[in-house]
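What's in input11.txt: compact mmCIF, C-alpha atoms (C1' of nucleotides) and all ligand atoms
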# COMPACT_ATOMS: atom_id res chain seq x y z
CA MET A 971 -78.20 -66.67 -78.38
CA ALA A 972 -75.67 -67.50 -81.00
CA HIS A 973 -73.23 -70.34 -81.34
CA ILE A 974 -70.28 -67.98 -80.91
CA THR A 975 -71.40 -66.07 -77.85
CA SER A 976 -70.92 -62.55 -76.57
CA SER A 977 -68.29 -63.91 -74.20
CA VAL A 978 -66.06 -64.42 -77.22
CA GLU A 979 -66.72 -60.90 -78.42
CA TYR A 980 -65.73 -59.55 -75.01
CA ALA A 981 -62.68 -61.82 -74.87
CA ILE A 982 -61.25 -60.87 -78.24
CA HIS A 983 -61.85 -57.17 -77.78
CA CYS A 984 -59.97 -57.42 -74.48
CA LEU A 985 -57.18 -59.41 -76.06
CA LEU A 986 -56.72 -56.69 -78.66
CA TYR A 987 -56.09 -54.21 -75.85
CA LEU A 988 -53.59 -56.65 -74.37
CA VAL A 989 -51.80 -56.75 -77.73
CA GLY A 990 -51.25 -53.00 -77.40
CA SER A 991 -50.30 -53.05 -73.73
CA GLY A 992 -47.20 -55.23 -74.16
CA ASP A 993 -45.66 -56.24 -70.82
CA THR A 994 -47.88 -54.03 -68.68
CA PRO A 995 -50.61 -56.16 -67.08
CA LEU A 996 -54.17 -54.90 -67.47
CA SER A 997 -56.75 -55.85 -64.86
CA SER A 998 -60.07 -57.36 -65.94
CA ARG A 999 -61.86 -54.58 -64.02
CA ASP A 1000 -60.09 -51.84 -65.97
CA LEU A 1001 -60.73 -53.62 -69.25
CA ALA A 1002 -64.40 -53.95 -68.35
CA GLU A 1003 -64.86 -50.28 -67.46
CA LEU A 1004 -62.90 -49.20 -70.51
CA GLN A 1005 -65.30 -51.07 -72.75
CA GLY A 1006 -68.48 -50.57 -70.77
CA VAL A 1007 -69.16 -54.23 -70.05
CA SER A 1008 -69.86 -56.01 -66.79
CA PRO A 1009 -66.68 -56.39 -64.67
CA SER A 1010 -68.09 -59.46 -62.88
CA PHE A 1011 -68.83 -61.16 -66.14
CA LEU A 1012 -65.48 -60.41 -67.68
CA ALA A 1013 -63.83 -61.76 -64.53
CA LYS A 1014 -65.38 -65.14 -65.30
CA ILE A 1015 -64.03 -65.24 -68.84
CA PHE A 1016 -60.37 -64.51 -68.20
CA PRO A 1017 -59.56 -67.63 -66.15
CA ARG A 1018 -60.58 -69.71 -69.17
CA LEU A 1019 -58.16 -67.79 -71.38
CA GLU A 1020 -55.50 -68.33 -68.76
CA LYS A 1021 -56.11 -72.09 -68.57
CA ALA A 1022 -55.78 -72.24 -72.36
CA GLY A 1023 -52.40 -70.55 -72.20
CA ILE A 1024 -53.54 -67.47 -74.10
CA VAL A 1025 -52.98 -64.98 -71.28
CA ALA A 1026 -50.81 -65.04 -68.17
CA ALA A 1027 -52.12 -63.73 -64.85
CA SER A 1028 -50.27 -61.87 -62.14
CA GLU A 1029 -52.00 -61.68 -58.78
CA GLY A 1030 -52.05 -59.00 -56.16
CA VAL A 1031 -52.19 -55.22 -56.41
CA ARG A 1032 -51.20 -53.91 -59.86
CA GLY A 1033 -51.68 -57.41 -61.16
CA GLY A 1034 -53.68 -58.33 -64.22
CA TYR A 1035 -53.22 -60.09 -67.50
CA VAL A 1036 -50.70 -60.07 -70.33
CA LEU A 1037 -50.61 -62.13 -73.49
CA ALA A 1038 -48.85 -65.43 -72.83
CA ARG A 1039 -47.84 -65.80 -76.48
CA PRO A 1040 -47.11 -63.46 -79.39
CA ALA A 1041 -50.29 -62.13 -80.99
CA GLU A 1042 -49.35 -63.93 -84.21
CA ALA A 1043 -49.67 -67.24 -82.36
CA VAL A 1044 -53.22 -66.73 -81.10
CA THR A 1045 -55.94 -67.59 -83.60
CA PHE A 1046 -59.64 -66.86 -83.31
CA LEU A 1047 -60.21 -70.58 -83.06
CA ASP A 1048 -57.95 -70.71 -80.01
CA VAL A 1049 -60.04 -68.07 -78.28
CA VAL A 1050 -63.39 -69.58 -79.24
CA ASP A 1051 -62.34 -72.99 -77.95
CA ALA A 1052 -60.88 -71.52 -74.77
CA VAL A 1053 -64.01 -69.53 -73.93
CA GLU A 1054 -66.70 -71.96 -75.06
CA GLY A 1055 -65.07 -75.31 -74.57
CA ASP A 1056 -65.45 -77.89 -77.29
CA LYS A 1057 -68.95 -76.89 -78.28
CA LYS A 1058 -70.12 -78.83 -81.31
CA LEU A 1059 -71.94 -77.21 -84.19
CA PHE A 1060 -74.30 -80.16 -84.42
CA ASP A 1061 -75.22 -82.78 -81.84
CA CYS A 1062 -76.24 -86.04 -83.54
CA GLN A 1063 -78.96 -87.93 -81.67
CA GLU A 1064 -78.33 -91.14 -83.62
CA ILE A 1065 -81.95 -91.39 -84.62
CA ARG A 1066 -81.00 -93.62 -87.55
CA GLY A 1067 -80.79 -96.57 -85.16
CA ARG A 1068 -84.35 -96.07 -83.92
CA CYS A 1069 -86.03 -97.02 -87.19
CA ALA A 1070 -89.10 -99.12 -86.44
CA LEU A 1071 -88.08 -101.66 -89.07
CA PHE A 1072 -85.11 -102.65 -86.92
CA GLU A 1073 -87.34 -103.41 -83.92
CA GLY A 1074 -84.81 -102.21 -81.38
CA ASP A 1075 -81.91 -104.15 -82.85
CA PRO A 1076 -80.39 -102.09 -85.68
CA PRO A 1077 -78.19 -104.03 -88.10
CA GLY A 1078 -74.53 -103.18 -88.60
CA TRP A 1079 -74.95 -101.56 -92.01
CA ALA A 1080 -77.30 -99.00 -90.48
CA THR A 1081 -75.17 -97.85 -87.55
CA LYS A 1082 -71.61 -98.44 -88.69
CA GLY A 1083 -69.50 -95.33 -89.05
CA VAL A 1084 -70.79 -91.78 -89.05
CA CYS A 1085 -74.29 -91.10 -90.37
CA GLY A 1086 -74.15 -89.49 -93.82
CA ILE A 1087 -76.10 -86.50 -92.54
CA HIS A 1088 -73.83 -86.11 -89.55
CA ALA A 1089 -70.83 -86.24 -91.88
CA VAL A 1090 -72.10 -83.24 -93.80
CA MET A 1091 -72.48 -81.29 -90.56
CA LEU A 1092 -68.98 -82.26 -89.45
CA SER A 1093 -67.66 -81.05 -92.76
CA ALA A 1094 -69.41 -77.72 -92.30
CA GLU A 1095 -68.04 -77.45 -88.78
CA LYS A 1096 -64.54 -78.11 -90.06
CA ALA A 1097 -64.95 -75.41 -92.72
CA MET A 1098 -65.95 -72.97 -90.00
CA ARG A 1099 -63.09 -73.93 -87.71
CA ASP A 1100 -60.54 -73.78 -90.51
CA SER A 1101 -61.76 -70.31 -91.32
CA LEU A 1102 -61.46 -69.20 -87.68
CA ALA A 1103 -57.97 -70.68 -87.46
CA ARG A 1104 -56.83 -68.62 -90.42
CA THR A 1105 -56.91 -65.26 -88.59
CA THR A 1106 -54.79 -64.25 -85.60
CA LEU A 1107 -54.98 -61.47 -83.05
CA ALA A 1108 -52.09 -59.79 -84.84
CA ASP A 1109 -54.10 -59.64 -88.08
CA VAL A 1110 -57.06 -57.78 -86.60
CA ALA A 1111 -54.81 -55.63 -84.41
CA ALA A 1112 -53.02 -54.46 -87.54
CA GLY A 1113 -56.33 -53.68 -89.21
CA PHE A 1114 -57.44 -51.70 -86.19
CA GLY A 1115 -54.13 -49.84 -86.12
CA ARG A 1116 -54.73 -48.64 -89.67
CA LYS A 1117 -58.12 -47.17 -88.75
CA ALA A 1118 -57.35 -45.54 -85.43
CA PRO A 1119 -55.55 -42.18 -85.27
CA LYS A 1120 -52.16 -42.09 -83.55
CA SER A 1121 -53.60 -40.07 -80.68
CA PHE A 1122 -55.88 -42.93 -79.68
CA TYR A 1123 -53.06 -45.02 -78.28
CA ALA A 1124 -51.71 -42.10 -76.30
CA ASP A 1125 -55.18 -41.36 -74.93
CA LEU A 1126 -55.59 -45.00 -74.02
CA SER A 1127 -52.31 -45.07 -72.18
CA ASP A 1128 -53.27 -41.90 -70.31
CA TRP A 1129 -56.61 -43.37 -69.32
CA MET A 1130 -55.00 -46.47 -67.86
CA ASP A 1131 -52.39 -44.41 -66.03
CA GLY A 1132 -55.12 -42.17 -64.76
CA ARG A 1133 -56.94 -45.09 -63.22
CA ILE A 1134 -53.83 -46.26 -61.43
CA ARG A 1135 -52.99 -42.79 -60.18
CA ALA A 1136 -56.55 -42.22 -59.05
CA ARG A 1137 -56.43 -45.34 -56.92
CA ALA A 1138 -52.97 -44.55 -55.54
CA SER A 1139 -53.78 -41.01 -54.45
CA PRO A 1140 -57.52 -40.54 -54.31
CA ARG A 1141 -57.15 -37.15 -52.58
CA ARG A 1142 -55.25 -35.47 -55.41
CA ALA A 1143 -56.60 -37.37 -58.39
CA ARG A 1144 -60.32 -37.04 -57.64
CA PRO A 1145 -60.71 -33.87 -55.55
CA GLU A 1146 -64.32 -33.34 -56.66
CA GLU A 1147 -65.47 -36.35 -54.69
CA GLY A 1148 -64.38 -34.92 -51.39
CA ALA A 1149 -65.35 -31.35 -52.28
CA GLY A 1150 -68.89 -32.23 -53.33
CA MET B 66 -77.90 -77.13 -77.36
CA ALA B 67 -76.11 -76.84 -80.64
CA HIS B 68 -76.30 -74.25 -83.37
CA ILE B 69 -77.71 -76.78 -85.83
CA THR B 70 -80.45 -78.30 -83.74
CA SER B 71 -82.07 -81.72 -83.51
CA SER B 72 -84.97 -80.34 -85.50
CA VAL B 73 -82.69 -80.27 -88.52
CA GLU B 74 -81.59 -83.85 -87.89
CA TYR B 75 -85.22 -84.94 -87.77
CA ALA B 76 -86.07 -82.91 -90.86
CA ILE B 77 -83.32 -84.25 -93.08
CA HIS B 78 -83.85 -87.85 -92.03
CA CYS B 79 -87.53 -87.42 -92.93
CA LEU B 80 -86.67 -85.78 -96.23
CA LEU B 81 -84.51 -88.77 -97.12
CA TYR B 82 -87.54 -91.00 -96.70
CA LEU B 83 -89.49 -88.65 -98.92
CA VAL B 84 -86.80 -88.98 -101.58
CA GLY B 85 -87.52 -92.71 -101.63
CA SER B 86 -91.29 -92.39 -101.55
CA GLY B 87 -91.62 -90.50 -104.83
CA ASP B 88 -95.16 -89.29 -105.47
CA THR B 89 -96.74 -91.12 -102.54
CA PRO B 90 -97.33 -88.66 -99.70
CA LEU B 91 -96.04 -89.67 -96.27
CA SER B 92 -97.72 -88.28 -93.17
CA SER B 93 -95.65 -86.67 -90.43
CA ARG B 94 -97.17 -89.10 -87.92
CA ASP B 95 -96.01 -92.14 -89.88
CA LEU B 96 -92.57 -90.64 -90.38
CA ALA B 97 -92.37 -89.96 -86.65
CA GLU B 98 -93.34 -93.48 -85.60
CA LEU B 99 -91.06 -94.99 -88.22
CA GLN B 100 -88.10 -93.17 -86.73
CA GLY B 101 -89.09 -93.26 -83.08
CA VAL B 102 -89.34 -89.51 -82.60
CA SER B 103 -92.14 -87.36 -81.20
CA PRO B 104 -95.06 -87.01 -83.66
CA SER B 105 -96.12 -83.70 -82.12
CA PHE B 106 -92.66 -82.27 -82.47
CA LEU B 107 -92.23 -83.40 -86.05
CA ALA B 108 -95.60 -81.88 -86.86
CA LYS B 109 -94.18 -78.50 -85.91
CA ILE B 110 -91.19 -78.83 -88.23
CA PHE B 111 -92.89 -79.76 -91.49
CA PRO B 112 -94.87 -76.55 -91.98
CA ARG B 113 -91.56 -74.68 -92.04
CA LEU B 114 -90.27 -76.95 -94.80
CA GLU B 115 -93.49 -76.35 -96.67
CA LYS B 116 -93.23 -72.56 -96.40
CA ALA B 117 -89.69 -72.79 -97.76
CA GLY B 118 -90.93 -74.69 -100.80
CA ILE B 119 -89.00 -77.85 -99.94
CA VAL B 120 -92.03 -80.10 -99.45
CA ALA B 121 -95.62 -79.92 -100.66
CA ALA B 122 -98.50 -80.83 -98.36
CA SER B 123 -101.75 -82.56 -99.20
CA GLU B 124 -104.48 -82.30 -96.59
CA GLY B 125 -107.15 -84.71 -95.52
CA VAL B 126 -107.12 -88.49 -95.07
CA ARG B 127 -104.23 -90.18 -96.86
CA GLY B 128 -102.60 -86.79 -97.13
CA GLY B 129 -99.02 -86.00 -96.16
CA TYR B 130 -95.90 -84.60 -97.69
CA VAL B 131 -93.94 -85.08 -100.89
CA LEU B 132 -90.80 -83.32 -102.05
CA ALA B 133 -91.69 -80.11 -103.88
CA ARG B 134 -88.44 -80.15 -105.88
CA PRO B 135 -86.04 -82.79 -107.16
CA ALA B 136 -83.71 -84.04 -104.44
CA GLU B 137 -80.78 -82.62 -106.40
CA ALA B 138 -82.23 -79.15 -105.91
CA VAL B 139 -82.46 -79.26 -102.10
CA THR B 140 -79.23 -78.43 -100.28
CA PHE B 141 -78.52 -78.88 -96.59
CA LEU B 142 -78.33 -75.12 -96.32
CA ASP B 143 -81.88 -74.87 -97.67
CA VAL B 144 -83.12 -77.18 -94.94
CA VAL B 145 -81.15 -75.52 -92.13
CA ASP B 146 -82.43 -72.08 -93.10
CA ALA B 147 -85.98 -73.38 -93.49
CA VAL B 148 -86.03 -75.05 -90.08
CA GLU B 149 -84.02 -72.54 -88.03
CA GLY B 150 -84.73 -69.28 -89.79
CA ASP B 151 -81.84 -66.94 -90.39
CA LYS B 152 -79.98 -67.77 -87.21
CA LYS B 153 -76.62 -66.03 -87.08
CA LEU B 154 -73.47 -67.80 -86.02
CA PHE B 155 -72.37 -64.73 -84.10
CA ASP B 156 -74.39 -61.83 -82.75
CA CYS B 157 -72.24 -58.69 -82.55
CA GLN B 158 -73.14 -56.45 -79.61
CA GLU B 159 -71.22 -53.48 -81.06
CA ILE B 160 -69.21 -53.08 -77.89
CA ARG B 161 -66.53 -51.21 -79.80
CA GLY B 162 -68.66 -48.06 -79.63
CA ARG B 163 -68.86 -48.21 -75.84
CA CYS B 164 -65.18 -47.45 -75.23
CA ALA B 165 -64.87 -45.08 -72.27
CA LEU B 166 -62.47 -42.86 -74.23
CA PHE B 167 -65.32 -41.90 -76.57
CA GLU B 168 -67.47 -40.69 -73.68
CA GLY B 169 -70.71 -41.82 -75.28
CA ASP B 170 -69.98 -40.22 -78.65
CA PRO B 171 -67.86 -42.65 -80.69
CA PRO B 172 -66.03 -41.10 -83.67
CA GLY B 173 -66.65 -42.26 -87.22
CA TRP B 174 -63.41 -44.17 -87.61
CA ALA B 175 -64.38 -46.40 -84.69
CA THR B 176 -67.87 -47.39 -85.81
CA LYS B 177 -67.75 -47.15 -89.59
CA GLY B 178 -68.23 -50.44 -91.41
CA VAL B 179 -68.11 -53.87 -89.82
CA CYS B 180 -65.91 -54.43 -86.78
CA GLY B 181 -62.76 -56.36 -87.71
CA ILE B 182 -63.65 -59.08 -85.22
CA HIS B 183 -67.19 -59.34 -86.53
CA ALA B 184 -65.80 -59.63 -90.06
CA VAL B 185 -63.82 -62.71 -89.09
CA MET B 186 -66.94 -64.31 -87.65
CA LEU B 187 -68.94 -63.49 -90.78
CA SER B 188 -66.23 -65.08 -92.86
CA ALA B 189 -66.40 -68.24 -90.74
CA GLU B 190 -70.18 -68.28 -91.06
CA LYS B 191 -69.88 -67.98 -94.82
CA ALA B 192 -67.42 -70.88 -94.91
CA MET B 193 -69.90 -72.99 -92.97
CA ARG B 194 -72.84 -72.02 -95.16
CA ASP B 195 -70.90 -72.61 -98.37
CA SER B 196 -70.02 -76.06 -97.09
CA LEU B 197 -73.66 -76.82 -96.29
CA ALA B 198 -74.75 -75.58 -99.70
CA ARG B 199 -72.39 -78.00 -101.41
CA THR B 200 -74.37 -81.15 -100.50
CA THR B 201 -77.88 -82.04 -101.61
CA LEU B 202 -80.47 -84.54 -100.46
CA ALA B 203 -79.67 -86.59 -103.57
CA ASP B 204 -76.04 -86.89 -102.52
CA VAL B 205 -76.73 -88.40 -99.12
CA ALA B 206 -79.63 -90.49 -100.45
CA ALA B 207 -77.22 -92.08 -102.92
CA GLY B 208 -74.74 -92.77 -100.13
CA PHE B 209 -77.47 -94.36 -98.04
CA GLY B 210 -78.60 -96.46 -101.00
CA ARG B 211 -75.12 -97.93 -101.31
CA LYS B 212 -75.14 -99.04 -97.67
CA ALA B 213 -78.66 -100.42 -97.32
CA PRO B 214 -79.59 -103.85 -98.68
CA LYS B 215 -82.20 -104.05 -101.43
CA SER B 216 -84.69 -105.67 -99.08
CA PHE B 217 -84.77 -102.58 -96.89
CA TYR B 218 -86.77 -100.56 -99.38
CA ALA B 219 -89.26 -103.38 -99.84
CA ASP B 220 -89.62 -103.73 -96.06
CA LEU B 221 -90.11 -99.98 -95.77
CA SER B 222 -92.82 -100.02 -98.42
CA ASP B 223 -94.54 -102.90 -96.64
CA TRP B 224 -94.41 -101.11 -93.31
CA MET B 225 -96.05 -98.01 -94.75
CA ASP B 226 -98.70 -100.08 -96.51
CA GLY B 227 -99.29 -102.00 -93.31
CA ARG B 228 -100.03 -98.81 -91.42
CA ILE B 229 -102.56 -97.71 -93.99
CA ARG B 230 -104.24 -101.11 -94.09
CA ALA B 231 -104.32 -101.31 -90.29
CA ARG B 232 -106.16 -98.03 -90.12
CA ALA B 233 -108.57 -98.97 -92.90
CA SER B 234 -109.63 -102.31 -91.33
CA PRO B 235 -108.77 -102.28 -87.65
CA ARG B 236 -110.79 -105.47 -86.99
CA ARG B 237 -108.64 -107.71 -89.20
CA ALA B 238 -105.31 -105.97 -88.90
CA ARG B 239 -105.14 -105.67 -85.10
CA PRO B 240 -107.33 -108.47 -83.72
CA GLU B 241 -105.46 -108.58 -80.40
CA GLU B 242 -106.85 -105.21 -79.37
CA GLY B 243 -110.46 -106.32 -79.49
CA ALA B 244 -109.72 -109.85 -78.19
CA GLY B 245 -107.97 -108.67 -75.00
C1' DG C 1177 -48.05 -54.72 -40.64
C1' DA C 1178 -52.56 -53.01 -42.26
C1' DT C 1179 -54.89 -51.85 -46.37
C1' DA C 1180 -56.49 -52.22 -50.78
C1' DA C 1181 -56.16 -54.11 -55.38
C1' DC C 1182 -56.19 -58.18 -57.80
C1' DG C 1183 -57.24 -63.11 -59.53
C1' DC C 1184 -60.05 -67.26 -58.46
C1' DG C 1185 -64.04 -70.06 -57.46
C1' DG C 1186 -68.73 -71.07 -56.17
C1' DA C 1187 -73.68 -69.87 -55.46
C1' DT C 1188 -77.41 -67.62 -57.32
C1' DA C 1189 -80.82 -65.51 -60.46
C1' DA C 1190 -82.99 -63.86 -64.71
C1' DA C 1191 -83.68 -64.29 -69.57
C1' DA C 1192 -83.62 -66.83 -73.85
C1' DC C 1193 -83.87 -70.94 -76.32
C1' DC C 1194 -84.93 -75.85 -77.52
C1' DT C 1195 -87.64 -79.76 -76.98
C1' DG C 1196 -91.94 -81.73 -76.41
C1' DT C 1197 -97.08 -81.99 -75.39
C1' DC C 1198 -101.71 -80.66 -75.94
C1' DT C 1199 -105.84 -78.61 -77.95
C1' DG C 1200 -108.85 -76.89 -81.43
C1' DC C 1201 -109.74 -75.86 -86.25
C1' DG C 1202 -110.48 -76.74 -91.27
C1' DT C 1203 -109.89 -80.13 -95.06
C1' DT C 1204 -110.44 -84.46 -97.45
C1' DT C 1205 -111.00 -89.34 -98.15
C1' DT C 1206 -113.58 -93.34 -96.90
C1' DA D 56 -120.76 -89.18 -90.53
C1' DA D 57 -116.24 -90.57 -89.13
C1' DA D 58 -111.56 -90.65 -89.16
C1' DA D 59 -107.08 -89.11 -90.85
C1' DC D 60 -104.60 -85.42 -92.02
C1' DG D 61 -102.22 -80.54 -91.92
C1' DC D 62 -102.00 -76.16 -89.35
C1' DA D 63 -101.66 -72.78 -85.61
C1' DG D 64 -101.22 -71.55 -81.03
C1' DA D 65 -100.64 -72.10 -75.96
C1' DC D 66 -98.05 -74.29 -72.66
C1' DA D 67 -94.51 -76.56 -69.68
C1' DG D 68 -89.57 -78.38 -68.54
C1' DG D 69 -84.81 -78.37 -69.20
C1' DT D 70 -80.59 -76.31 -70.66
C1' DT D 71 -77.60 -72.43 -71.86
C1' DT D 72 -76.19 -67.79 -71.56
C1' DT D 73 -75.66 -63.63 -69.19
C1' DA D 74 -74.96 -61.34 -65.07
C1' DT D 75 -74.33 -60.40 -60.00
C1' DC D 76 -72.57 -61.25 -55.47
C1' DC D 77 -69.67 -63.09 -51.95
C1' DG D 78 -65.63 -65.00 -49.67
C1' DC D 79 -60.81 -66.56 -50.21
C1' DG D 80 -55.72 -66.28 -51.02
C1' DT D 81 -52.04 -63.30 -53.00
C1' DT D 82 -49.29 -59.16 -53.48
C1' DA D 83 -47.79 -54.24 -53.87
C1' DT D 84 -48.05 -50.11 -51.42
C1' DC D 85 -48.51 -46.94 -47.47
S1 LIG E 1 -78.47 -90.23 -86.97
FE1 LIG E 1 -77.77 -88.25 -86.37
S2 LIG E 1 -77.49 -87.30 -88.29
FE2 LIG E 1 -78.20 -89.28 -88.89
S1 LIG E 2 -68.00 -54.70 -81.74
FE1 LIG E 2 -68.92 -56.66 -82.04
S2 LIG E 2 -67.23 -57.79 -82.77
FE2 LIG E 2 -66.30 -55.84 -82.45

Just dump the structure as structure tokens.
Amino acid sequence: MAHITSSVEYAIHCLLYLVGSGDTPLSSRDLAELQGVSPSFLAKIFPRLEKAGIVAASEGVRGGYVLARPAEAVTFLDVVDAVEGDKKLFDCQEIRGRCALFEGDPPGWATKGVCGIHAVMLSAEKAMRDSLARTTLADVAAGFGRKAPKSFYADLSDWMDGRIRARASPRRARPEEGAG
Amino acid sequence: MAHITSSVEYAIHCLLYLVGSGDTPLSSRDLAELQGVSPSFLAKIFPRLEKAGIVAASEGVRGGYVLARPAEAVTFLDVVDAVEGDKKLFDCQEIRGRCALFEGDPPGWATKGVCGIHAVMLSAEKAMRDSLARTTLADVAAGFGRKAPKSFYADLSDWMDGRIRARASPRRARPEEGAG
DNA sequence: GATAACGCGGATAAAACCTGTCTGCGTTTT
DNA sequence: AAAACGCAGACAGGTTTTATCCGCGTTATC
């Protein structure tokens, strides 16, 4: 179990597909099957992205999700916070006030302000968050676009269309199921 | 549950006391009672600091721990790694290779090198670790020394001496126990 | 208008992790 | 010999993460 969980990995990979899909909504089920992850689990992640204003949902048949903002305006930090809430890197237990010398009544100089140790952790957390805030969905989408061949996007589009057509006309699109 | 756990908080607070104690070994039990934390739990943390070469142990009666290096040579990162092992900030599941379009046989361009998303996380982890490596025990000890009154260190020394004397001559040091 | 796809929320369960306790062992001072 | 110490392992309880399932309201399509 890591601090940045698999939920974030799922979320960002999905968001990258949404970057490519433009105005066409993609359902969480399709995104799950496309990537080979659990549809039920993914369905629990998306509402958090929606509450954070990262994606917009459309209900009903042919519904799904689209990006609610331009990809340049969604940082990794946005996604991490949306999916994980405000999870702290370090949870200070304030043990400095329990020193036996204080006998249950710690003096002001000992408990005033943030503990020096805690301050170092907060600084490290800030460094991490600043780093995450420096990269957007658009940045990684561009990097992915440079690696993938042109045909990939066409194949992807076909796959999504295929799923919709298969559901619309199961008789023609998946004849093998009835003929088996 | 946070990424940097309470064990690290306990460890560094203890190490700060060791900075002040110089060559006199302090036992994990005394350090635990002084700070109001579980002696059993603290006893599980110190061996990890010892294996990492941060503290040196002396066994037997009057044994305990001393710093194995100057406080200037022990960074927060050293302590975090010693106590938590090499815990990653993010654990990539390599879901990029599971894309349905690849049909179980992902092409080289899709799996070569580190995933762009993973790379961002690694960069954030590095930022955090660099930040932690920038502060040493000596730094925070100096900050603490500026806050605490002079009498605190004398009181601390007395408290430690008192514990040793109480154990050496229980009849005189704790008469109320036998008189009850 | 019925059906099916879709998002949403809650209940539930399994696995992993963190915290904390306990016990027994060997070592060393008193 | 006794007591204080470090060390290693087994163990239990709570929390988090991952994952599944179900029922509900909404909406496009037949
Ligand atoms: S009291 Fe929490 S870090 Fe010092
Ligand atoms: S596959 Fe793990 S972050 Fe992309």

* To do: Compute the set of protein, DNA and RNA residues whose minimum atom distance to ligand LIG 2 (chain E) is at most 9 Å, using all atoms listed in the file, and state it as a PyMOL selection string.
  => (chain A and resi 976+978-980+982-983) or (chain B and resi 155-163+176+179-186)

* Give the answer as one residue: which of B:Asp143, B:Glu137, B:Glu149, B:Glu124 has the shortest atom-to-atom distance to chain C, using all atoms listed in the file? =>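 Nearest candidate to chain C out of B:Asp143, B:Glu137, B:Glu149, B:Glu124: B:Glu124.
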
* Asked: Which residues, written as JSON, numbers by chain, have at least one atom at most 9 Å from Gly1030 in chain A, with only C-alpha atoms (C1' of nucleotides) counted and residues fewer than 2 positions away on the same chain left out?
  -> {"A": [1028, 1032, 1033, 1034], "C": [1181, 1182, 1183], "D": [81, 82, 83]}

* Separation of CA of Leu197 in chain B from CA of Cys1069 in chain A, in Å and rounded to one decimal ->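 These two atoms are separated by 25.4 Å.
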
* Asked: Pick from A:Ala1002, A:Ala972, A:Leu1019, A:Val1031: nearest to Ile1134 in chain A, with only C-alpha atoms counted?
  ->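 Distance minimum relative to Ile1134 in chain A lands on A:Val1031.
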
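Atom pair CA of Trp1129 in chain A / CA of Pro1017 in chain A has a distance of 24.6 Å (rounded to one decimal).
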
* **Neighbours of point (-77.9, -71.1, -79.1) within 12 Å, using only C-alpha atoms (C1' of nucleotides), written as an MDAnalysis selection string** => (chainID A and resid 971:976 1054 1057:1060) or (chainID B and resid 66:70 149 152:156) or (chainID C and resid 1192:1194) or (chainID D and resid 70:72)

Enclose all atoms of ligand LIG 1 (chain E) listed in the file in an axis-aligned box, grow every side by 6 Å, and hand back centre and edge lengths in Å to one decimal, as JSON.
{"center_x": -78.0, "center_y": -88.8, "center_z": -87.6, "size_x": 13.0, "size_y": 14.9, "size_z": 14.5}

* Structure fact -> note - CA of Glu1073 in chain A and C1' of DG1196 in chain C are separated by 23.4 Å

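Candidate residues A:Phe1122, A:Phe1046, A:Phe1016, A:Phe1114 were compared for distance to chain C, and the nearest is A:Phe1016, using all atoms listed in the file.
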